[in-house]
file structure.cif (mmCIF, C-alpha atoms and all ligand atoms)
data_start
#
loop_
_atom_site.label_atom_id
_atom_site.label_comp_id
_atom_site.auth_asym_id
_atom_site.auth_seq_id
_atom_site.Cartn_x
_atom_site.Cartn_y
_atom_site.Cartn_z
CA MET A 85 89.58 89.50 110.10
CA THR A 86 86.84 87.75 112.00
CA LYS A 87 87.73 84.84 114.17
CA GLN A 88 84.46 83.15 113.26
CA SER A 89 84.25 80.84 110.31
CA VAL A 90 81.76 82.65 108.08
CA MET A 91 80.37 81.20 104.89
CA VAL A 92 80.62 83.67 102.05
CA SER A 93 78.47 83.35 98.98
CA GLU A 94 79.86 84.68 95.74
CA PRO A 95 77.07 85.57 93.34
CA GLN A 96 78.70 86.10 89.97
CA THR A 97 77.37 86.69 86.47
CA ALA A 98 78.70 84.93 83.40
CA ALA A 99 79.47 88.25 81.79
CA GLY A 100 81.25 89.39 84.91
CA ILE A 101 83.34 86.27 85.12
CA ASN A 102 84.29 86.34 81.45
CA ASN A 103 85.08 90.01 81.81
CA MET A 104 87.31 89.21 84.76
CA MET A 105 89.06 86.43 82.87
CA GLU A 106 89.74 88.80 79.98
CA ILE A 107 90.99 91.53 82.26
CA VAL A 108 93.26 89.12 84.06
CA ALA A 109 94.54 87.80 80.73
CA LYS A 110 95.16 91.31 79.44
CA SER A 111 96.76 92.50 82.62
CA SER A 112 99.32 89.70 82.42
CA SER A 113 100.77 91.45 79.38
CA LEU A 114 101.21 94.51 81.56
CA PHE A 115 103.63 92.78 83.89
CA PRO A 116 107.18 94.05 83.55
CA SER A 117 109.47 91.68 81.71
CA MET A 118 111.72 89.48 83.78
CA GLU A 119 115.08 91.04 84.47
CA THR A 120 117.71 89.94 86.91
CA ASN A 121 118.57 92.40 89.59
CA THR A 122 122.19 91.66 90.36
CA ASP A 123 122.53 93.88 93.45
CA ASN A 124 123.23 91.94 96.57
CA GLY A 125 123.50 88.53 94.94
CA GLY A 126 120.30 88.83 92.97
CA TYR A 127 118.09 90.61 95.48
CA ASN A 128 117.94 94.24 96.37
CA PHE A 129 117.23 94.31 100.06
CA ALA A 130 117.20 98.11 100.01
CA ILE A 131 114.08 98.02 97.89
CA LYS A 132 111.80 97.56 100.85
CA LYS A 133 113.04 100.73 102.55
CA GLN A 134 112.97 102.70 99.32
CA PHE A 135 109.48 101.51 98.67
CA LEU A 136 108.14 102.42 102.09
CA LYS A 137 109.70 105.87 101.74
CA LYS A 138 108.13 106.31 98.33
CA LEU A 139 104.71 105.43 99.67
CA GLU A 140 105.07 107.98 102.44
CA THR A 141 106.07 110.79 100.14
CA SER A 142 104.23 110.28 96.89
CA VAL A 143 102.06 107.99 94.86
CA ALA A 144 103.37 109.36 91.57
CA GLY A 145 104.74 105.99 90.51
CA VAL A 146 101.37 104.46 91.07
CA GLU A 147 99.54 107.22 89.21
CA LYS A 148 101.61 106.48 86.12
CA GLY A 149 99.99 103.09 86.07
CA THR A 150 96.41 104.37 86.50
CA THR A 151 95.06 102.39 83.56
CA ARG A 152 96.65 99.26 84.90
CA ILE A 153 95.25 99.82 88.40
CA ASN A 154 91.81 100.44 86.91
CA ALA A 155 92.08 97.08 85.17
CA TRP A 156 92.85 95.41 88.50
CA VAL A 157 89.98 97.15 90.25
CA ASP A 158 87.60 96.23 87.40
CA SER A 159 88.77 92.67 87.75
CA MET A 160 88.19 92.74 91.52
CA ARG A 161 84.66 94.11 90.97
CA ALA A 162 83.87 91.73 88.13
CA SER A 163 84.53 88.83 90.45
CA SER A 164 81.78 89.99 92.79
CA PRO A 165 78.80 91.52 90.94
CA PRO A 166 75.73 92.03 93.12
CA CYS A 167 73.30 89.39 91.87
CA ILE A 168 72.56 86.69 89.37
CA ASN A 169 69.98 87.91 86.84
CA THR A 170 67.68 85.97 84.54
CA ALA A 171 69.94 86.43 81.52
CA MET A 172 72.23 84.17 83.49
CA ASP A 173 69.82 81.25 83.21
CA SER A 174 70.36 80.79 79.48
CA ASP A 175 74.12 81.35 79.86
CA GLN A 176 74.11 78.82 82.66
CA SER A 177 72.36 76.15 80.64
CA SER A 178 74.54 76.58 77.56
CA TRP A 179 77.61 76.49 79.79
CA MET A 180 76.33 73.35 81.47
CA MET A 181 76.01 71.72 78.05
CA GLN A 182 79.69 72.39 77.48
CA HIS A 183 80.77 71.51 81.01
CA PRO A 184 78.25 68.97 82.27
CA SER A 185 78.09 67.82 85.85
CA ALA A 186 80.73 65.17 86.58
CA LEU A 187 78.10 63.47 88.75
CA ASN A 188 75.57 63.25 85.92
CA MET A 189 78.31 62.05 83.56
CA PHE A 190 79.84 59.64 86.04
CA ASP A 191 79.32 56.52 83.88
CA GLU A 192 80.85 58.22 80.83
CA ILE A 193 83.87 59.27 82.90
CA ILE A 194 84.34 55.73 84.19
CA ASN A 195 84.05 54.32 80.66
CA ALA A 196 86.70 56.74 79.43
CA SER A 197 89.04 55.60 82.22
CA LYS A 198 88.61 51.87 81.48
CA GLY A 199 91.87 49.94 81.60
CA LYS A 200 93.76 52.98 82.84
CA GLN A 201 95.10 53.98 86.23
CA ILE A 202 93.14 56.92 87.64
CA VAL A 203 95.38 59.44 89.42
CA MET A 204 93.54 62.07 91.48
CA PHE A 205 94.65 65.69 91.80
CA LEU A 206 92.67 67.82 94.24
CA ASP A 207 92.88 71.54 94.86
CA TYR A 208 92.14 72.53 98.48
CA ASP A 209 90.31 75.87 99.03
CA GLY A 210 86.91 75.99 97.36
CA THR A 211 87.30 72.34 96.31
CA LEU A 212 87.75 70.28 99.48
CA SER A 213 86.80 73.07 101.86
CA PRO A 214 84.12 75.73 101.40
CA ILE A 215 85.26 79.32 100.97
CA VAL A 216 85.17 81.17 104.32
CA ALA A 217 86.13 84.69 105.34
CA ASP A 218 89.07 83.70 107.50
CA PRO A 219 91.72 81.69 105.58
CA GLU A 220 93.01 80.25 108.87
CA ARG A 221 89.65 78.58 109.43
CA ALA A 222 89.12 76.91 106.06
CA PHE A 223 88.68 73.48 107.59
CA MET A 224 87.56 70.46 105.61
CA SER A 225 84.79 68.33 107.06
CA GLU A 226 85.51 64.94 108.61
CA SER A 227 83.33 63.32 105.93
CA MET A 228 85.39 64.98 103.20
CA ARG A 229 88.57 63.71 104.88
CA THR A 230 87.14 60.18 104.89
CA ALA A 231 86.23 60.48 101.20
CA VAL A 232 89.77 61.64 100.30
CA ARG A 233 91.32 58.90 102.46
CA ASP A 234 89.17 56.27 100.71
CA VAL A 235 90.01 57.61 97.26
CA ALA A 236 93.73 57.46 98.13
CA ARG A 237 93.37 53.77 99.01
CA TYR A 238 92.56 52.97 95.39
CA PHE A 239 94.18 55.76 93.38
CA PRO A 240 97.41 57.73 93.83
CA THR A 241 96.17 61.10 95.13
CA ALA A 242 97.77 64.53 95.34
CA ILE A 243 96.65 67.80 96.91
CA VAL A 244 97.69 70.76 94.74
CA SER A 245 97.27 74.08 96.52
CA GLY A 246 98.28 77.73 96.54
CA ARG A 247 98.83 77.41 100.28
CA SER A 248 102.19 76.49 101.77
CA ARG A 249 102.65 72.71 101.86
CA ASP A 250 102.75 72.57 105.65
CA LYS A 251 99.60 74.59 106.00
CA VAL A 252 97.58 72.55 103.54
CA TYR A 253 98.92 69.35 105.14
CA ASN A 254 97.67 70.59 108.52
CA PHE A 255 94.21 71.05 107.06
CA VAL A 256 94.09 67.69 105.25
CA GLN A 257 96.10 65.57 107.69
CA LEU A 258 96.47 62.50 105.49
CA ALA A 259 100.04 61.19 105.35
CA GLU A 260 99.36 58.88 102.43
CA LEU A 261 98.92 61.69 99.90
CA TYR A 262 101.28 63.70 97.72
CA TYR A 263 101.26 67.42 98.51
CA ALA A 264 102.13 70.21 96.10
CA GLY A 265 102.02 73.49 98.02
CA SER A 266 102.73 77.09 96.93
CA HIS A 267 100.99 76.56 93.57
CA GLY A 268 103.10 73.47 92.90
CA MET A 269 106.45 75.02 93.85
CA ASP A 270 106.86 72.72 96.86
CA ILE A 271 106.15 69.05 96.16
CA LYS A 272 106.50 66.19 98.61
CA GLY A 273 105.55 62.53 98.31
CA PRO A 274 103.66 60.48 100.88
CA THR A 275 105.22 59.66 104.25
CA LYS A 276 103.25 56.43 104.18
CA GLY A 277 101.70 54.78 101.18
CA PRO A 278 100.97 51.78 99.04
CA LYS A 279 103.67 49.13 98.85
CA ASN A 280 103.61 49.20 95.07
CA ASN A 281 104.66 52.85 95.06
CA LYS A 282 107.10 52.94 92.17
CA THR A 283 109.43 55.39 93.85
CA ASN A 284 111.02 54.14 97.02
CA LYS A 285 112.62 57.46 97.78
CA PRO A 286 110.14 60.08 98.91
CA VAL A 287 109.69 62.80 96.30
CA LEU A 288 110.77 66.31 97.28
CA PHE A 289 110.91 69.03 94.65
CA GLN A 290 111.24 72.78 95.19
CA PRO A 291 112.02 74.62 91.96
CA ALA A 292 111.87 78.12 93.46
CA THR A 293 114.17 77.96 96.49
CA GLU A 294 116.30 80.86 95.21
CA PHE A 295 113.24 83.11 95.57
CA LEU A 296 112.75 82.42 99.28
CA PRO A 297 114.57 85.54 100.55
CA MET A 298 112.73 87.70 98.03
CA ILE A 299 109.31 86.30 98.96
CA ASP A 300 110.14 86.74 102.61
CA GLU A 301 111.11 90.36 102.03
CA VAL A 302 108.01 91.11 99.94
CA THR A 303 105.79 89.46 102.56
CA LYS A 304 107.21 91.73 105.27
CA THR A 305 106.73 94.81 103.10
CA LEU A 306 103.17 93.82 102.23
CA ILE A 307 102.32 93.20 105.89
CA GLU A 308 103.50 96.70 106.71
CA ILE A 309 101.67 98.45 103.90
CA VAL A 310 98.33 96.66 104.19
CA GLN A 311 98.08 97.66 107.83
CA SER A 312 96.45 100.85 106.62
CA VAL A 313 93.69 98.92 104.81
CA PRO A 314 91.17 97.47 107.29
CA GLY A 315 90.31 93.85 106.57
CA ALA A 316 93.29 93.20 104.27
CA LEU A 317 95.33 90.18 105.18
CA VAL A 318 98.72 88.94 104.01
CA GLU A 319 99.29 85.19 104.01
CA ASN A 320 102.82 83.87 103.71
CA ASN A 321 102.70 80.78 101.53
CA ILE A 322 106.52 80.34 101.64
CA PHE A 323 107.30 80.29 97.88
CA CYS A 324 104.52 82.78 97.17
CA VAL A 325 102.36 85.23 99.07
CA SER A 326 98.64 86.01 99.09
CA VAL A 327 96.98 89.33 99.85
CA HIS A 328 93.35 88.77 100.78
CA PHE A 329 90.68 91.43 100.17
CA ARG A 330 87.55 89.40 100.98
CA CYS A 331 87.02 91.45 104.16
CA VAL A 332 88.05 94.82 102.70
CA ASP A 333 85.34 97.41 101.93
CA GLU A 334 84.94 97.82 98.21
CA GLU A 335 85.80 101.55 98.44
CA ARG A 336 89.26 100.55 99.64
CA TRP A 337 89.96 98.04 96.86
CA GLU A 338 91.56 100.60 94.57
CA ASP A 339 93.89 101.76 97.33
CA LEU A 340 94.85 98.21 98.11
CA ALA A 341 95.41 97.27 94.45
CA LYS A 342 97.65 100.35 94.04
CA GLN A 343 99.68 99.56 97.09
CA VAL A 344 100.15 95.88 96.33
CA ARG A 345 100.85 96.55 92.66
CA SER A 346 103.50 99.12 93.47
CA VAL A 347 105.30 96.73 95.82
CA VAL A 348 105.28 93.99 93.18
CA ASP A 349 106.45 96.45 90.51
CA GLU A 350 109.70 96.79 92.42
CA TYR A 351 110.41 93.10 91.84
CA PRO A 352 110.59 92.22 88.15
CA GLU A 353 111.08 88.59 89.09
CA LEU A 354 107.66 88.41 90.71
CA ARG A 355 104.24 88.38 89.12
CA MET A 356 100.81 89.13 90.47
CA SER A 357 97.52 87.50 89.56
CA GLN A 358 94.05 87.46 91.06
CA GLY A 359 92.19 84.54 92.58
CA ARG A 360 88.99 84.46 94.64
CA LYS A 361 89.17 87.82 96.45
CA VAL A 362 92.91 87.39 96.73
CA PHE A 363 96.03 88.67 94.98
CA GLU A 364 98.59 85.94 94.41
CA ILE A 365 102.23 87.04 94.15
CA ARG A 366 104.77 84.48 92.99
CA PRO A 367 108.03 84.08 91.06
CA THR A 368 107.89 84.45 87.29
CA ILE A 369 109.47 81.03 86.80
CA LYS A 370 107.65 78.77 84.37
CA TRP A 371 106.21 76.57 87.06
CA ASP A 372 102.57 76.24 87.98
CA LYS A 373 99.95 73.68 88.97
CA GLY A 374 100.07 72.21 85.46
CA LYS A 375 103.82 71.60 85.68
CA ALA A 376 103.33 70.13 89.15
CA LEU A 377 100.75 67.70 87.75
CA GLU A 378 103.19 66.61 85.02
CA PHE A 379 106.00 66.28 87.56
CA LEU A 380 103.85 64.09 89.81
CA LEU A 381 102.74 61.87 86.94
CA GLU A 382 106.40 61.41 86.05
CA SER A 383 107.32 60.62 89.67
CA LEU A 384 104.60 57.99 89.70
CA GLY A 385 106.09 56.39 86.60
CA TYR A 386 103.46 57.62 84.12
CA ALA A 387 105.58 60.10 82.14
CA ASN A 388 104.89 58.64 78.71
CA SER A 389 102.22 56.18 79.64
CA THR A 390 98.96 55.92 77.75
CA ASN A 391 97.56 53.83 80.60
CA VAL A 392 96.98 56.68 82.99
CA PHE A 393 93.83 58.74 83.53
CA PRO A 394 94.57 61.87 85.59
CA VAL A 395 91.55 63.63 87.09
CA TYR A 396 92.11 67.18 88.36
CA ILE A 397 89.43 68.96 90.42
CA GLY A 398 89.81 72.67 91.20
CA ASP A 399 87.91 75.93 91.47
CA ASP A 400 90.33 78.76 90.78
CA LEU A 401 92.20 80.51 88.00
CA THR A 402 95.48 78.83 88.99
CA ASP A 403 93.84 75.41 88.45
CA GLU A 404 93.36 76.33 84.79
CA ASP A 405 97.07 75.60 84.18
CA ALA A 406 96.43 71.99 85.19
CA PHE A 407 93.20 71.74 83.17
CA LYS A 408 95.12 73.03 80.15
CA VAL A 409 97.86 70.43 80.55
CA LEU A 410 95.27 67.64 80.60
CA ARG A 411 93.54 69.03 77.53
CA GLU A 412 96.84 69.32 75.67
CA ARG A 413 97.91 65.80 76.67
CA GLY A 414 94.48 64.51 75.62
CA GLN A 415 94.55 62.49 78.80
CA GLY A 416 92.17 62.32 81.73
CA LEU A 417 89.97 65.28 82.50
CA GLY A 418 89.56 68.49 84.43
CA ILE A 419 86.57 69.26 86.65
CA LEU A 420 85.85 72.88 87.57
CA VAL A 421 84.11 73.53 90.88
CA SER A 422 81.78 76.44 90.23
CA LYS A 423 78.14 77.40 90.60
CA VAL A 424 78.40 79.91 87.80
CA PRO A 425 79.64 79.83 84.22
CA LYS A 426 83.35 80.52 83.90
CA LYS A 427 85.70 80.40 80.96
CA THR A 428 87.59 77.19 81.63
CA ASN A 429 89.73 74.44 80.16
CA ALA A 430 87.97 71.90 82.36
CA SER A 431 85.65 69.43 80.65
CA TYR A 432 83.19 68.88 83.49
CA SER A 433 81.86 70.78 86.47
CA LEU A 434 80.74 70.30 90.05
CA ARG A 435 78.87 73.01 91.90
CA GLU A 436 80.53 72.98 95.31
CA PRO A 437 82.73 70.97 97.71
CA ALA A 438 79.71 68.86 98.77
CA GLU A 439 79.42 67.64 95.18
CA VAL A 440 83.18 67.00 95.07
CA LYS A 441 82.70 64.72 98.06
CA ASP A 442 79.82 62.91 96.33
CA PHE A 443 81.97 62.42 93.24
CA LEU A 444 84.86 61.01 95.31
CA CYS A 445 82.49 58.66 97.16
CA ARG A 446 81.02 57.38 93.89
CA LEU A 447 84.51 56.71 92.58
CA VAL A 448 85.27 54.64 95.68
CA GLU A 449 81.94 52.78 95.47
CA TRP A 450 82.55 51.99 91.80
CA LYS A 451 86.09 50.73 92.53
CA ARG A 452 84.90 48.54 95.41
CA TYR A 453 82.08 47.14 93.31
CA SER A 454 84.34 46.36 90.34
CA ARG A 455 86.86 44.65 92.64
CA ARG A 456 84.08 42.49 94.08
CA MET A 457 82.97 41.57 90.57
CA ILE A 458 86.51 40.62 89.57
CA SER A 459 87.01 38.49 92.68
CA ARG A 460 83.80 36.56 91.88
CA VAL A 461 84.96 35.62 88.40
O1 LIG B 501 94.98 76.56 95.42
P1 LIG B 501 94.04 76.69 96.58
O2 LIG B 501 94.19 75.58 97.57
O3 LIG B 501 92.61 76.86 96.14
O4 LIG B 501 94.50 78.04 97.31
C1 LIG B 501 94.21 79.32 96.72
C2 LIG B 501 94.13 80.32 97.85
O5 LIG B 501 93.15 79.78 98.75
C3 LIG B 501 92.96 80.43 99.99
O6 LIG B 501 92.20 81.60 99.79
C4 LIG B 501 90.87 81.33 99.38
O7 LIG B 501 90.21 80.61 100.44
C5 LIG B 501 90.06 81.34 101.68
C6 LIG B 501 89.42 80.43 102.70
O8 LIG B 501 88.20 79.93 102.26
C7 LIG B 501 89.24 82.61 101.42
O9 LIG B 501 89.12 83.37 102.62
C8 LIG B 501 89.93 83.45 100.34
O10 LIG B 501 89.14 84.58 100.01
C9 LIG B 501 90.15 82.63 99.07
O11 LIG B 501 90.89 83.35 98.11
C10 LIG B 501 94.28 80.70 100.68
O12 LIG B 501 94.04 81.42 101.86
C11 LIG B 501 95.27 81.37 99.77
O13 LIG B 501 96.53 81.51 100.42
C12 LIG B 501 95.47 80.48 98.55
O14 LIG B 501 96.42 81.04 97.68
#

call {"tool": "encode", "arguments": {"input": "structure.cif", "output": "C-alpha cells"}}
result
Amino acid sequence: MTKQSVMVSEPQTAAGINNMMEIVAKSSSLFPSMETNTDNGGYNFAIKKQFLKKLETSVAGVEKGTTRINAWVDSMRASSPPCINTAMDSDQSSWMMQHPSALNMFDEIINASKGKQIVMFLDYDGTLSPIVADPERAFMSESMRTAVRDVARYFPTAIVSGRSRDKVYNFVQLAELYYAGSHGMDIKGPTKGPKNNKTNKPVLFQPATEFLPMIDEVTKTLIEIVQSVPGALVENNIFCVSVHFRCVDEERWEDLAKQVRSVVDEYPELRMSQGRKVFEIRPTIKWDKGKALEFLLESLGYANSTNVFPVYIGDDLTDEDAFKVLRERGQGLGILVSKVPKKTNASYSLREPAEVKDFLCRLVEWKRYSRRMISRV
C-alpha cells in the first residue's frame, strides 16, 4: 500500500454498475443462514486454526463454491470496467432526469423542507473525502471541515461511516457532531453541542458488542491470509472489518475473493458485502446505516415527528439502507454522490465531494439569509 495519497478515478458504465448491483443482490441470497455456534460461549476460537490448516492443505471447500466465487469476481470487475463509452451518455442523461443534481434543485429542496427541522446525515469516504488508494490517508480538506462545522451550527449533524467511530472522528475532528461508526453499529452523541439539545445525556449505542471477540478473531485471520496477496489490506473497523483490493492486481482478485469468502463462511453470524474496491464483513444483525439514521432521529426527539426533514448524503452501497428508510418514511431525501448512473434509492445526486461541499455551503448561506430576513421583520 503506497504511503502517498493517490487520487483514483473509477470509470464505470451504467450497465456495469447495474450488473454489480444485481450480482451483489443475488449473492446475498447465497450467504449461509444465521445459526448460533454454541461452542465456547457462542464463538469457536478453534475455527481460526482449523481454517488456516485447511487453506494450507486444500482449497476443496472453496472449489465447491465456484459459482459463488465467480459471482464475487464478476461483481469486483463490474465495479471497475475500463472506460465510459458513448452509450453511457444517454443512460447518464436519463438517470440524471430521475436523480437530478441537488445543486440544480436546491430551491425545490429548500421548499420541501419549509417549516421543518433539517437534520444532516453525512457519509465519510467518497462523500466528505475523495477516494484515495491508502485508506489511512483519506483526509478531508480544511474547507470541507469548515462547511461541515457551519452546517452543524444550524442543523443537527451526524457522520455515518463504515469506519470505526474513533477513526472517522480523527478524520473529521468536530466534537459538535454525532458519529455513527462501523456502519452504524457504534453511535455516540456530541461532546459539545447546542444548548437546546433535547437529550442531556450523551447518546451511546452499540448494538453489536457481543460480536467484538468474533470480529477481532476474523480480523486476525484475514490479516494472516491476505499476506499472500500483494496490495490487499485489512482494516479493523471494530464492529466490522474491511478487506481492501484497490491496490491488488486484477489477476489476484479471484484468489482474494476465495480466501476472504472461505474465512467468512466459517462464521455463519457474519456476512460479507462489497463496497468500492472493498469487502465489508459484519455481523448479520438487523442493523445498518438506515437503522442508525432512525435511532439518531429518535435520540433527537423526532421519532414520530412530521416536522423533521432528514437529508442523507452518501456514495456507497451501504448508504442505500439509509436512502431506503427515507423513501419508506416519505420524509426528507437521499442524495447519492456519484459521477455515473447507479441503481439507487436516493432522490438526488451530486457528482463528487467538491459538490457536496458546495451543497453544504449553499445550505448555510440560505439559513443565514433567512435568519437575517426574519430578524428584519
Ligand atoms: O461508510 P464510509 O465512510 O464511506 O466507509 C466505507 C469504507 O470506506 C473506506 O474505504 C473506501 O475509501 C478508501 C479511502 O478513500 C479507499 O481506499 C477504499 O478503496 C474505499 O473502499 C474505508 O477504508 C473502509 O473501512 C470503509 O468501510

call {"tool": "residues_near_ligand", "arguments": {"input": "structure.cif", "ligand": "ligand LIG 501 (chain B)", "cutoff": "8 Å", "atoms": "all atoms listed in the file", "output": "NGL selection string"}}
result
:A and (207-211 or 213-222 or 244-248 or 252 or 266-267 or 319-321 or 325-330 or 359-362 or 364 or 398-400 or 402-403)

call {"tool": "closest_residue", "arguments": {"input": "structure.cif", "among": "A:Glu449, A:Glu294, A:Glu378, A:Glu412", "to": "Ile271 in chain A", "atoms": "all atoms listed in the file"}}
result
A:Glu378

call {"tool": "atom_distance", "arguments": {"input": "structure.cif", "atom1": "CA of Pro425 in chain A", "atom2": "CA of Tyr396 in chain A"}}
result
18.2 Å

call {"tool": "residues_near_point", "arguments": {"input": "structure.cif", "point": "(82.7, 71.0, 92.1)", "cutoff": "7 Å", "atoms": "all atoms listed in the file", "output": "ChimeraX atom specification"}}
result
/A:211,419-422,433-437,439-440

call {"tool": "atom_distance", "arguments": {"input": "structure.cif", "atom1": "CA of Met356 in chain A", "atom2": "CA of Arg413 in chain A"}}
result
27.3 Å

call {"tool": "closest_residue", "arguments": {"input": "structure.cif", "among": "A:Leu296, A:Leu187, A:Leu384, A:Ala406", "to": "Leu206 in chain A", "atoms": "only C-alpha atoms"}}
result
A:Ala406

call {"tool": "residues_around", "arguments": {"input": "structure.cif", "residues": "range 253-260 of chain A", "least_positions_apart": "4", "cutoff": "10 Å", "atoms": "all atoms listed in the file", "output": "PyMOL selection string"}}
result
chain A and resi 208+212-213+220-226+228-230+232-233+236-237+240-243+245+247-249+264-265+273-278

call {"tool": "residues_around", "arguments": {"input": "structure.cif", "residues": "range 335-345 of chain A", "least_positions_apart": "5", "cutoff": "8 Å", "atoms": "only C-alpha atoms", "output": "list in words"}}
result
Val146, Ile153, Asn154, Trp156, Val157, Met160, Leu306, Ile309, Val310, Val313, Phe329 and Met356 of chain A

call {"tool": "atom_distance", "arguments": {"input": "structure.cif", "atom1": "CA of Asp372 in chain A", "atom2": "CA of Thr293 in chain A"}}
result
14.5 Å

call {"tool": "axis_aligned_box", "arguments": {"input": "structure.cif", "around": "range 382-387 of chain A", "padding_each_side": "6 Å", "output": "lines of an AutoDock Vina configuration file"}}
result
center_x = 105.4
center_y = 58.9
center_z = 85.9
size_x = 15.9
size_y = 17.0
size_z = 19.6

call {"tool": "closest_residue", "arguments": {"input": "structure.cif", "among": "A:Ala155, A:Phe239, A:Gln176, A:Cys331", "to": "Arg452 in chain A", "atoms": "only C-alpha atoms"}}
result
A:Phe239

call {"tool": "closest_residue", "arguments": {"input": "structure.cif", "among": "A:Ile193, A:Leu401, A:Ile307, A:Met269", "to": "Thr428 in chain A", "atoms": "all atoms listed in the file"}}
result
A:Leu401

call {"tool": "residues_around", "arguments": {"input": "structure.cif", "residues": "Val235 in chain A", "least_positions_apart": "6", "cutoff": "9 Å", "atoms": "all atoms listed in the file", "output": "list of chain:residue names"}}
result
A:Met204, A:Thr241, A:Leu444, A:Cys445, A:Leu447, A:Val448

call {"tool": "closest_residue", "arguments": {"input": "structure.cif", "among": "A:Val409, A:Leu317, A:Ala438, A:Leu354", "to": "Glu301 in chain A", "atoms": "all atoms listed in the file"}}
result
A:Leu354
